[in-house]
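Below is one structure, written out as structure tokens, with a few remarks after it.
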Amino acid sequence: MGITKDYLRYVHSGSCGCVASANGEICSIDAKICAVTACENINFYNLRTNEKVNEIAESTSDANCMGLSRDKRWLAVGYADGAIRLFDRQANDAANVIFSGHKKGVSCLAFSSDGLTLASGGKDCAVILWDIVSESGLFRLNGHKGPITHLTFARNDQFLLSSSKDCLIKFWSIRSQSCFYSLFDCRSEVYSFSLLLDESMILLASGEAELLVYELIWLEDGKLSSSDASDEPENKKQLSLERPTDEISIDDMANRYVRVNVRGKLLRQGKGRALQLAVSPDERFVLCLGSDKIVDVYRVFTEAEASKRLLKKLKNARKRMAIGTTTSKVNEEDVKKDITIAITRIGEYRPTSKLKWADFTPVYKTEEDGAMQYSVFLLISRIELISSSPCIK
């Protein structure tokens with residue numbers, strides 16, 4: 001019998017000095033305080049004094065994501081064990097509420113505009129809605145075949161939009177608790193999306209080298225316009241000859257609430273996947289974070305600004321045709337299809353390391369020369385937090 005060799009067994013018992021998780025998130029609480037996921041904890045930092053001001057340590061599982069209600073009262077944290085903890089920031093001594101419904105880790109969270117409903121998406125491909133007042137689950141939405149990556153409420157919390165790694169964007173009706181439309185045009189995993197221009201446009205960040213833009217036409221009370229209603233039987237007959245029955249039912253239900261049209265694509269300077277879209281509080285600027293060190297900055301124009309840009313483009317096109325630079329005839333409809341009239345890329349930001357997450361602060365101001373100053377909290381791959389205040393004209 002051989003001689004056994006004793007050895008010391010090392011077991012992880014805890015962590016110290018963790019600023020943020022390598023794949024964590026950062027959330028802006030106000031103009032100077034941010035919250036970040038740090039292993040199993042949530043750390044709060046004052047980036048003006050560079051001090052840690054608070055900490056939430058309520059779980060032994062890693063914190064994956066966070067969600068903050070619009071009134072800044074409720075903070076929801078999703079963990080790797082599938083649990084969601086809800087904290088009331090106005091009552092420091094109150095016990096946190098625990099929601100348990102996901103079989104795997106929670107990947108994204110979203111509050112309704114009134115802060116009374118919480119939507120959670122998990123790696124188990126399920127979307128669950130929770131009632132904050134009664135502290136209970138409402139219902140589960142199944143349909144995705146991949147982990148949920150992003151959630152957003154729309155149209156006064158009547159609908160919920162979800163994206164997933166199964167390359168789909170799904171539109172859910174809260175009242176009927178069902179999916180009434182699925183966007184199939186994405187050829188790769190969808191990581192994030194943003195609703196812009198009063199929810200009339202959706203911007204998608206996926207594994208492609210470009211950002212996809214779609215126009216959303218919302219129908220009131222599920223009613224079609226008179227012209228669409230007159231053509232509906234003929235359209236249904238034509239669809240029945242070209243598509244399977246399942247796709248017909250999806251499109252017919254979609255016509256009750258929304259019409260989705262391809263608007264165009266926006267070029268990115270960054271290479272690889274587009275992982276996150278951060279929108280300014282006034283929805284005038286969008287940051288696109290990718291898998292490299294480049295952050296693309298996009299400008300979103302209002303309807304009045306877009307009309308001026310359209311007239312300017314038409315004027316320049318007619319001028320080029322007059323001097324003989326181009327022989328093609330100027331068509332106003334073709335110029336209107338240019339997506340850069342509504343959204344255009346205006347520059348880039350190159351940090352010293354790769355960015356993991358970004359979030360705008362709710363405060364911005366206008367300088368004397370007309371420049372807009374925004375504050376952005378950034379989480380970089382060196383596990384550092386920085387506060388940037390760029391001025392954009």
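All residue names refer to the structure tokens as shown: chains lettered A, B, ... in order, residues numbered from 1 in each chain, ligands numbered from 1 in order.
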Quick one: residues within 9 Å of A:Ile148, only C-alpha atoms, excluding same-chain residues fewer than 2 positions away - as a PyMOL selection string? chain A and resi 106-108+120-127+144-146+150-151+162-166+191
Stretch 195-207 of chain A: which residues within 9 Å, counting only C-alpha atoms, same-chain residues fewer than 3 positions away excluded, as a PDB file with C-alpha atoms, in the first residue's frame?
ATOM      1  CA  THR A 152     -38.225  47.804 -23.142  1.00  0.00           C
ATOM      2  CA  ALA A 154     -43.604  50.813 -25.190  1.00  0.00           C
ATOM      3  CA  ARG A 155     -46.793  52.804 -25.856  1.00  0.00           C
ATOM      4  CA  CYS A 167     -31.842  36.767 -33.782  1.00  0.00           C
ATOM      5  CA  CYS A 186     -31.735  40.120 -38.220  1.00  0.00           C
ATOM      6  CA  ARG A 187     -29.151  37.620 -39.417  1.00  0.00           C
ATOM      7  CA  SER A 188     -27.160  37.508 -36.183  1.00  0.00           C
ATOM      8  CA  GLU A 189     -27.637  37.732 -32.443  1.00  0.00           C
ATOM      9  CA  VAL A 190     -29.351  40.910 -31.213  1.00  0.00           C
ATOM     10  CA  TYR A 191     -27.656  42.382 -28.140  1.00  0.00           C
ATOM     11  CA  SER A 192     -29.469  45.681 -27.632  1.00  0.00           C
ATOM     12  CA  GLU A 210     -23.852  47.933 -39.098  1.00  0.00           C
ATOM     13  CA  LEU A 211     -26.717  49.196 -36.978  1.00  0.00           C
ATOM     14  CA  LEU A 212     -30.152  48.297 -38.330  1.00  0.00           C
ATOM     15  CA  VAL A 213     -32.911  50.919 -38.316  1.00  0.00           C
ATOM     16  CA  TYR A 214     -36.632  50.155 -38.642  1.00  0.00           C
ATOM     17  CA  GLU A 215     -39.650  52.441 -38.792  1.00  0.00           C
ATOM     18  CA  LEU A 216     -42.523  51.641 -36.415  1.00  0.00           C
ATOM     19  CA  ILE A 217     -46.056  52.708 -37.328  1.00  0.00           C
ATOM     20  CA  TRP A 218     -48.314  52.138 -34.337  1.00  0.00           C
ATOM     21  CA  ARG A 263     -35.509  52.208 -42.796  1.00  0.00           C
ATOM     22  CA  GLY A 272     -16.996  43.259 -34.531  1.00  0.00           C
ATOM     23  CA  ARG A 273     -20.232  43.054 -32.595  1.00  0.00           C
ATOM     24  CA  ALA A 274     -22.278  46.004 -31.335  1.00  0.00           C
ATOM     25  CA  LEU A 275     -22.992  45.114 -27.711  1.00  0.00           C
ATOM     26  CA  GLN A 276     -24.819  48.080 -26.170  1.00  0.00           C
ATOM     27  CA  LEU A 277     -26.688  51.257 -27.090  1.00  0.00           C
ATOM     28  CA  VAL A 279     -29.192  56.934 -25.227  1.00  0.00           C
ATOM     29  CA  GLU A 283     -32.722  61.184 -26.913  1.00  0.00           C
ATOM     30  CA  ARG A 284     -30.572  63.389 -29.131  1.00  0.00           C
ATOM     31  CA  CYS A 288     -22.744  52.394 -29.552  1.00  0.00           C
ATOM     32  CA  VAL A 300     -30.735  61.802 -33.678  1.00  0.00           C
ATOM     33  CA  PHE A 301     -32.601  64.643 -35.413  1.00  0.00           C
ATOM     34  CA  THR A 302     -36.119  65.796 -34.635  1.00  0.00           C
ATOM     35  CA  GLU A 303     -38.789  65.961 -37.331  1.00  0.00           C
TER      36      GLU A 303
END
Among listed residues A:Ala342, A:Val363, A:Ala119, A:Ala209, nearest A:Gly290 (using only C-alpha atoms):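 When distances to A:Gly290 are compared using only C-alpha atoms, the smallest one comes from A:Ala209.
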Which residue of A:Lys271, A:Lys356, A:Lys336, A:Lys293 approaches A:Arg309 most closely, using only C-alpha atoms: A:Lys336
Can you tell me, as an MDAnalysis selection string, which residues in stretch 113-199 of chain A count as strand (DSSP E or B) by DSSP? chainID A and resid 117:122 126:131 136:142 148:154 159:164 169:173 178:183 190:196
Looking at A:Ile84, A:Val19, A:Leu118, A:Val258, which one is nearest to A:Trp172, with distances taken over only C-alpha atoms? A:Val258
Extract, using only C-alpha atoms, all DNA, RNA and protein residues at most 8 Å from A:Thr37, discarding same-chain residues fewer than 2 positions from it, and format them as a list in words. Ala20, Ser21, Gly24, Glu25, Ile26, Ala35, Cys39, Glu40, Asn41, Ile42, Asn43, Ala63, Asn64, Cys65 and Met66 of chain A
Convert the current residue selection to file output with C-alpha atoms, as a CSV table (one decimal), in the first residue's frame.
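Printed below is result.csv as written:
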chain,number,residue,atom,x,y,z
A,20,ALA,CA,-16.7,46.1,-10.5
A,21,SER,CA,-17.2,42.8,-12.3
A,24,GLY,CA,-20.8,43.9,-15.1
A,25,GLU,CA,-23.1,46.8,-15.6
A,26,ILE,CA,-23.0,50.4,-14.5
A,35,ALA,CA,-24.1,51.8,-9.0
A,39,CYS,CA,-19.1,40.1,-8.0
A,40,GLU,CA,-22.1,39.3,-5.7
A,41,ASN,CA,-22.4,42.9,-4.4
A,42,ILE,CA,-23.6,46.2,-5.7
A,43,ASN,CA,-21.2,49.1,-5.1
A,63,ALA,CA,-24.9,40.0,-9.8
A,64,ASN,CA,-25.5,40.0,-13.5
A,65,CYS,CA,-27.7,43.1,-14.3
A,66,MET,CA,-29.5,46.0,-12.7
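Here atom CA of A:Leu160 stands at a distance of 11.9 Å from atom CA of A:Ser182.
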Could you pull out the alpha helix (DSSP H) residues of stretch 153-236 of chain A, going by DSSP on the backbone, and write them as a list in words?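 The residues of stretch 153-236 of chain A classed as alpha helix (DSSP H) are Ser226, Ser227, Asp228, Ala229, Ser230, Asp231, Glu232, Pro233, Glu234, Asn235 and Lys236 of chain A.
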By how many Å are atom CA of A:Leu355 and atom CA of A:Glu208 apart?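 So the two atoms, atom CA of A:Leu355 and atom CA of A:Glu208, lie 18.5 Å apart.
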Selection: 10 Å around A:Phe285, only C-alpha atoms, excl. self and same-chain fewer than 3 positions, as a ChimeraX atom specification: /A:278-282,297-301,343-346,374,392
Write out, as an mmCIF file, in the first residue's frame, the residues just selected, with C-alpha atoms.
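So out00.cif came out as:
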data_model
loop_
_atom_site.group_PDB
_atom_site.id
_atom_site.type_symbol
_atom_site.label_atom_id
_atom_site.label_comp_id
_atom_site.auth_asym_id
_atom_site.auth_seq_id
_atom_site.Cartn_x
_atom_site.Cartn_y
_atom_site.Cartn_z
ATOM 1 C CA ALA A 278 -26.698 54.117 -24.564
ATOM 2 C CA VAL A 279 -29.192 56.934 -25.227
ATOM 3 C CA SER A 280 -28.891 60.451 -23.804
ATOM 4 C CA PRO A 281 -31.737 61.674 -21.543
ATOM 5 C CA ASP A 282 -33.077 63.978 -24.281
ATOM 6 C CA VAL A 297 -21.493 58.536 -31.473
ATOM 7 C CA TYR A 298 -24.749 59.129 -33.392
ATOM 8 C CA ARG A 299 -26.948 62.205 -33.612
ATOM 9 C CA VAL A 300 -30.735 61.802 -33.678
ATOM 10 C CA PHE A 301 -32.601 64.643 -35.413
ATOM 11 C CA ILE A 343 -29.875 59.591 -37.681
ATOM 12 C CA THR A 344 -26.239 60.082 -38.606
ATOM 13 C CA ARG A 345 -22.843 59.246 -37.186
ATOM 14 C CA ILE A 346 -21.027 62.378 -35.984
ATOM 15 C CA TYR A 374 -23.517 65.520 -21.145
ATOM 16 C CA ILE A 392 -21.301 68.244 -28.457
#
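Atom pair atom CA of A:Gln269 / atom CA of A:Leu378: separated by 19.2 Å.
Closest approach to A:Ser136 among A:Leu267, A:Glu367, A:Phe99, A:Ser113 is made by A:Phe99 (distances from only C-alpha atoms).
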